[in-house]
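File shown: model29.pdb. Contents: PDB, C-alpha atoms.
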```
ATOM      1  CA  MET A   1       0.000   0.000   0.000  1.00  0.00           C
ATOM      2  CA  GLN A   2       2.900   2.354   0.766  1.00  0.00           C
ATOM      3  CA  LEU A   3       4.321   1.640  -2.692  1.00  0.00           C
ATOM      4  CA  ILE A   4       1.058   2.679  -4.315  1.00  0.00           C
ATOM      5  CA  ARG A   5       0.945   5.919  -2.298  1.00  0.00           C
ATOM      6  CA  THR A   6       4.544   6.633  -3.260  1.00  0.00           C
ATOM      7  CA  THR A   7       3.804   6.073  -6.955  1.00  0.00           C
ATOM      8  CA  LEU A   8       0.738   8.324  -6.853  1.00  0.00           C
ATOM      9  CA  ALA A   9       2.743  10.963  -5.021  1.00  0.00           C
ATOM     10  CA  ILE A  10       5.417  10.851  -7.728  1.00  0.00           C
ATOM     11  CA  LEU A  11       2.800  11.237 -10.470  1.00  0.00           C
ATOM     12  CA  ALA A  12       1.076  14.092  -8.663  1.00  0.00           C
ATOM     13  CA  ALA A  13       4.305  15.924  -7.857  1.00  0.00           C
ATOM     14  CA  ALA A  14       5.553  15.559 -11.410  1.00  0.00           C
ATOM     15  CA  THR A  15       2.348  16.895 -12.880  1.00  0.00           C
ATOM     16  CA  LEU A  16       2.179  19.794 -10.437  1.00  0.00           C
ATOM     17  CA  ALA A  17       5.792  20.718 -11.115  1.00  0.00           C
ATOM     18  CA  ALA A  18       5.442  20.428 -14.872  1.00  0.00           C
ATOM     19  CA  CYS A  19       4.469  24.049 -15.357  1.00  0.00           C
ATOM     20  CA  ALA A  20       7.601  25.289 -13.595  1.00  0.00           C
ATOM     21  CA  THR A  21      10.149  22.791 -14.937  1.00  0.00           C
ATOM     22  CA  GLN A  22      11.784  22.816 -18.359  1.00  0.00           C
ATOM     23  CA  THR A  23      12.283  19.282 -19.660  1.00  0.00           C
ATOM     24  CA  PRO A  24      13.135  18.184 -23.195  1.00  0.00           C
ATOM     25  CA  VAL A  25       9.816  17.271 -24.776  1.00  0.00           C
ATOM     26  CA  GLN A  26       9.382  13.661 -25.781  1.00  0.00           C
ATOM     27  CA  PRO A  27       6.703  13.207 -28.432  1.00  0.00           C
ATOM     28  CA  GLY A  28       3.396  11.802 -27.258  1.00  0.00           C
ATOM     29  CA  LYS A  29       0.543  12.558 -24.894  1.00  0.00           C
ATOM     30  CA  HIS A  30       0.065   8.983 -23.705  1.00  0.00           C
ATOM     31  CA  MET A  31       2.260   7.964 -20.761  1.00  0.00           C
ATOM     32  CA  LEU A  32       2.617   4.194 -20.656  1.00  0.00           C
ATOM     33  CA  VAL A  33       3.582   2.771 -17.269  1.00  0.00           C
ATOM     34  CA  ARG A  34       5.089  -0.719 -17.138  1.00  0.00           C
ATOM     35  CA  ASP A  35       6.425  -2.903 -14.365  1.00  0.00           C
ATOM     36  CA  LEU A  36      10.020  -4.096 -14.389  1.00  0.00           C
ATOM     37  CA  SER A  37       9.067  -7.176 -16.436  1.00  0.00           C
ATOM     38  CA  ASP A  38       7.710  -4.792 -19.132  1.00  0.00           C
ATOM     39  CA  LYS A  39       4.052  -5.618 -18.486  1.00  0.00           C
ATOM     40  CA  LEU A  40       1.784  -2.652 -19.238  1.00  0.00           C
ATOM     41  CA  LEU A  41      -0.049  -1.620 -16.051  1.00  0.00           C
ATOM     42  CA  MET A  42      -1.413   1.849 -16.748  1.00  0.00           C
ATOM     43  CA  GLN A  43      -1.735   4.574 -19.336  1.00  0.00           C
ATOM     44  CA  PHE A  44      -2.330   8.254 -18.603  1.00  0.00           C
ATOM     45  CA  ASP A  45      -3.605  10.501 -21.396  1.00  0.00           C
ATOM     46  CA  TYR A  46      -2.203  13.991 -20.849  1.00  0.00           C
ATOM     47  CA  PRO A  47      -3.405  17.094 -22.689  1.00  0.00           C
ATOM     48  CA  THR A  48       0.086  17.938 -24.002  1.00  0.00           C
ATOM     49  CA  ASP A  49       3.272  16.178 -25.016  1.00  0.00           C
ATOM     50  CA  GLU A  50       5.218  18.428 -22.652  1.00  0.00           C
ATOM     51  CA  LEU A  51       3.197  17.482 -19.571  1.00  0.00           C
ATOM     52  CA  CYS A  52       3.535  13.789 -20.419  1.00  0.00           C
ATOM     53  CA  ALA A  53       7.294  14.109 -20.879  1.00  0.00           C
ATOM     54  CA  LYS A  54       7.799  15.967 -17.612  1.00  0.00           C
ATOM     55  CA  THR A  55       5.763  13.423 -15.683  1.00  0.00           C
ATOM     56  CA  ALA A  56       7.622  10.493 -17.268  1.00  0.00           C
ATOM     57  CA  VAL A  57      10.992  12.084 -16.424  1.00  0.00           C
ATOM     58  CA  ALA A  58       9.896  12.551 -12.808  1.00  0.00           C
ATOM     59  CA  MET A  59       9.095   8.837 -12.561  1.00  0.00           C
ATOM     60  CA  ARG A  60      12.692   7.852 -13.334  1.00  0.00           C
ATOM     61  CA  GLY A  61      14.128   5.925 -10.445  1.00  0.00           C
ATOM     62  CA  SER A  62      10.773   4.503  -9.338  1.00  0.00           C
ATOM     63  CA  ILE A  63       9.900   0.812  -9.594  1.00  0.00           C
ATOM     64  CA  TYR A  64       7.968   1.538 -12.781  1.00  0.00           C
ATOM     65  CA  LYS A  65       9.131   2.272 -16.308  1.00  0.00           C
ATOM     66  CA  ALA A  66       7.268   5.203 -17.833  1.00  0.00           C
ATOM     67  CA  GLY A  67       7.499   6.740 -21.265  1.00  0.00           C
ATOM     68  CA  CYS A  68       5.362   8.786 -23.602  1.00  0.00           C
ATOM     69  CA  SER A  69       3.911   7.598 -26.878  1.00  0.00           C
ATOM     70  CA  GLN A  70       2.201   9.368 -29.755  1.00  0.00           C
ATOM     71  CA  THR A  71      -0.406   6.616 -29.914  1.00  0.00           C
ATOM     72  CA  SER A  72      -2.491   4.893 -27.307  1.00  0.00           C
ATOM     73  CA  SER A  73      -1.360   1.403 -26.353  1.00  0.00           C
ATOM     74  CA  ALA A  74      -2.738  -1.471 -28.378  1.00  0.00           C
ATOM     75  CA  GLU A  75      -2.432  -3.689 -25.295  1.00  0.00           C
ATOM     76  CA  PRO A  76      -5.747  -4.187 -23.501  1.00  0.00           C
ATOM     77  CA  LEU A  77      -6.398  -2.000 -20.476  1.00  0.00           C
ATOM     78  CA  ASN A  78      -9.821  -2.890 -19.150  1.00  0.00           C
ATOM     79  CA  THR A  79     -10.616  -0.149 -16.623  1.00  0.00           C
ATOM     80  CA  ARG A  80     -10.576   3.648 -16.651  1.00  0.00           C
ATOM     81  CA  ALA A  81     -10.878   6.585 -14.269  1.00  0.00           C
ATOM     82  CA  THR A  82     -10.697  10.357 -14.660  1.00  0.00           C
ATOM     83  CA  LEU A  83      -8.289  12.352 -12.503  1.00  0.00           C
ATOM     84  CA  ARG A  84      -7.825  16.088 -12.012  1.00  0.00           C
ATOM     85  CA  TYR A  85      -4.490  17.559 -11.000  1.00  0.00           C
ATOM     86  CA  THR A  86      -4.768  20.926  -9.214  1.00  0.00           C
ATOM     87  CA  PRO A  87      -3.136  23.188  -9.782  1.00  0.00           C
ATOM     88  CA  PRO A  88      -3.085  23.567 -12.792  1.00  0.00           C
ATOM     89  CA  GLY A  89      -6.590  22.070 -13.149  1.00  0.00           C
ATOM     90  CA  VAL A  90      -5.581  19.435 -15.684  1.00  0.00           C
ATOM     91  CA  MET A  91      -7.935  16.526 -16.330  1.00  0.00           C
ATOM     92  CA  VAL A  92      -6.299  13.212 -17.175  1.00  0.00           C
ATOM     93  CA  GLN A  93      -7.940  10.027 -18.426  1.00  0.00           C
ATOM     94  CA  ALA A  94      -6.270   7.046 -16.743  1.00  0.00           C
ATOM     95  CA  HIS A  95      -6.481   3.464 -18.007  1.00  0.00           C
ATOM     96  CA  TYR A  96      -5.595   0.430 -15.878  1.00  0.00           C
ATOM     97  CA  LEU A  97      -4.907  -3.230 -16.511  1.00  0.00           C
ATOM     98  CA  ASP A  98      -7.884  -4.272 -14.398  1.00  0.00           C
ATOM     99  CA  MET A  99     -10.421  -3.074 -11.833  1.00  0.00           C
ATOM    100  CA  ALA A 100      -8.354  -4.250  -8.860  1.00  0.00           C
ATOM    101  CA  LEU A 101      -5.316  -2.194  -9.941  1.00  0.00           C
ATOM    102  CA  CYS A 102      -7.472   0.857 -10.641  1.00  0.00           C
ATOM    103  CA  ARG A 103      -9.047   0.689  -7.200  1.00  0.00           C
ATOM    104  CA  ARG A 104      -5.688   0.144  -5.470  1.00  0.00           C
ATOM    105  CA  MET A 105      -4.024   3.022  -7.282  1.00  0.00           C
ATOM    106  CA  ASN A 106      -6.898   5.394  -6.529  1.00  0.00           C
ATOM    107  CA  ALA A 107      -7.789   4.276  -3.001  1.00  0.00           C
ATOM    108  CA  GLN A 108      -5.884   7.161  -1.451  1.00  0.00           C
ATOM    109  CA  MET A 109      -5.212  10.187  -3.599  1.00  0.00           C
ATOM    110  CA  SER A 110      -2.088  12.270  -3.264  1.00  0.00           C
ATOM    111  CA  ALA A 111      -2.268  15.952  -2.461  1.00  0.00           C
ATOM    112  CA  GLY A 112      -3.306  17.843  -5.564  1.00  0.00           C
ATOM    113  CA  VAL A 113      -5.028  14.888  -7.218  1.00  0.00           C
ATOM    114  CA  GLU A 114      -8.777  14.398  -7.279  1.00  0.00           C
ATOM    115  CA  LEU A 115     -10.685  11.379  -8.543  1.00  0.00           C
ATOM    116  CA  LEU A 116     -13.437  12.860 -10.724  1.00  0.00           C
ATOM    117  CA  ASP A 117     -14.821   9.692 -12.250  1.00  0.00           C
ATOM    118  CA  ALA A 118     -14.291   6.480 -10.285  1.00  0.00           C
ATOM    119  CA  CYS A 119     -13.002   3.231 -11.763  1.00  0.00           C
ATOM    120  CA  LYS A 120     -15.258   1.802 -14.471  1.00  0.00           C
ATOM    121  CA  ALA A 121     -14.924  -1.152 -16.785  1.00  0.00           C
ATOM    122  CA  LYS A 122     -14.456  -0.211 -20.433  1.00  0.00           C
TER     123      LYS A 122
END
```

As structure tokens, how would this structure be written, given the file I've shared?
Amino acid sequence: MQLIRTTLAILAAATLAACATQTPVQPGKHMLVRDLSDKLLMQFDYPTDELCAKTAVAMRGSIYKAGCSQTSSAEPLNTRATLRYTPPGVMVQAHYLDMALCRRMNAQMSAGVELLDACKAK
């Protein structure tokens, strides 16, 4: 559970800091998050390439591998939720491998992150 809170905190902090931090922009608005065995766990659809890139860079060093893509993953992600990061008031569509992962990742939100639309099957 602590690991999940830490991951959410990293995502929230990266998104909140994105407006103030200059990071080389990687192309793509879709941040794909994989475990160390390269299994796709989550995808976050950001409104801009720059915000995706900054968030992915901030996740370096965590137990997850994150990178941006110009296209949505073709791998099946069966659950979704809508998050809002404040500030800057950015809405992000999040996709998860399954309902259990979605619920675990969103059970306790980090400061600055609000769950707008709870986990739903696609």

ask   = Which residue out of A:Ala58, A:Met105, A:Val113, A:Cys119 has the minimum interatomic distance to Arg80 (chain A) when all atoms listed in the file are used?
value =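 Of the candidates, the smallest distance to Arg80 (chain A) is held by A:Cys119.
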
ask   = Given the choices A:Leu83, A:Val92, A:Leu36, A:Ala74, which gets closest to Cys52 (chain A) if the distance is worked out from all atoms listed in the file?
value =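 Smallest distance to Cys52 (chain A) is found for A:Val92.
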
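Checking A:Lys65, A:Arg34, A:Arg84, A:Lys29 one by one against Ser110 (chain A), counting only C-alpha atoms, you find the shortest gap at A:Arg84.
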
Given 8 Å on each side, where is the centre and what are the edge lengths in Å to one decimal of the axis-aligned box enclosing the listed atoms of region 68-84 of chain A, as lines of an AutoDock Vina configuration file?
```
center_x = -2.8
center_y = 6.0
center_z = -21.0
size_x = 32.2
size_y = 36.3
size_z = 33.9
```

For the provided coordinates, the residues matched by the PyMOL selection byres ((chain A and resi 97) around 12) should be stated as a JSON list (two decimals) with C-alpha atoms, keeping the file's coordinate frame.
```json
[["chain", "number", "residue", "atom", "x", "y", "z"],
["A", 32, "LEU", "CA", 2.62, 4.19, -20.66],
["A", 33, "VAL", "CA", 3.58, 2.77, -17.27],
["A", 34, "ARG", "CA", 5.09, -0.72, -17.14],
["A", 35, "ASP", "CA", 6.42, -2.90, -14.36],
["A", 39, "LYS", "CA", 4.05, -5.62, -18.49],
["A", 40, "LEU", "CA", 1.78, -2.65, -19.24],
["A", 41, "LEU", "CA", -0.05, -1.62, -16.05],
["A", 42, "MET", "CA", -1.41, 1.85, -16.75],
["A", 43, "GLN", "CA", -1.74, 4.57, -19.34],
["A", 44, "PHE", "CA", -2.33, 8.25, -18.60],
["A", 73, "SER", "CA", -1.36, 1.40, -26.35],
["A", 75, "GLU", "CA", -2.43, -3.69, -25.30],
["A", 76, "PRO", "CA", -5.75, -4.19, -23.50],
["A", 77, "LEU", "CA", -6.40, -2.00, -20.48],
["A", 78, "ASN", "CA", -9.82, -2.89, -19.15],
["A", 79, "THR", "CA", -10.62, -0.15, -16.62],
["A", 80, "ARG", "CA", -10.58, 3.65, -16.65],
["A", 81, "ALA", "CA", -10.88, 6.58, -14.27],
["A", 94, "ALA", "CA", -6.27, 7.05, -16.74],
["A", 95, "HIS", "CA", -6.48, 3.46, -18.01],
["A", 96, "TYR", "CA", -5.60, 0.43, -15.88],
["A", 98, "ASP", "CA", -7.88, -4.27, -14.40],
["A", 99, "MET", "CA", -10.42, -3.07, -11.83],
["A", 100, "ALA", "CA", -8.35, -4.25, -8.86],
["A", 101, "LEU", "CA", -5.32, -2.19, -9.94],
["A", 102, "CYS", "CA", -7.47, 0.86, -10.64],
["A", 103, "ARG", "CA", -9.05, 0.69, -7.20],
["A", 104, "ARG", "CA", -5.69, 0.14, -5.47],
["A", 105, "MET", "CA", -4.02, 3.02, -7.28],
["A", 119, "CYS", "CA", -13.00, 3.23, -11.76],
["A", 120, "LYS", "CA", -15.26, 1.80, -14.47],
["A", 121, "ALA", "CA", -14.92, -1.15, -16.78],
["A", 122, "LYS", "CA", -14.46, -0.21, -20.43]]
```

query = Using only C-alpha atoms, which residues sit within 9 Å of His30 (chain A) once same-chain residues fewer than 2 positions away are excluded, as an MDAnalysis selection string?
reply = chainID A and resid 28 32 43:49 52 67:73

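For the atom pair formed by CA of Ala107 (chain A) and CA of Gly61 (chain A), the distance is 23.2 Å, given to one decimal.
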
ask   = So what do you get for CA of Gly89 (chain A) versus CA of Ile63 (chain A), distance-wise?
value = 27.1 Å

Interatomic distance (Å, one decimal) between CA of Ser37 (chain A) and CA of Glu50 (chain A) = 26.6 Å
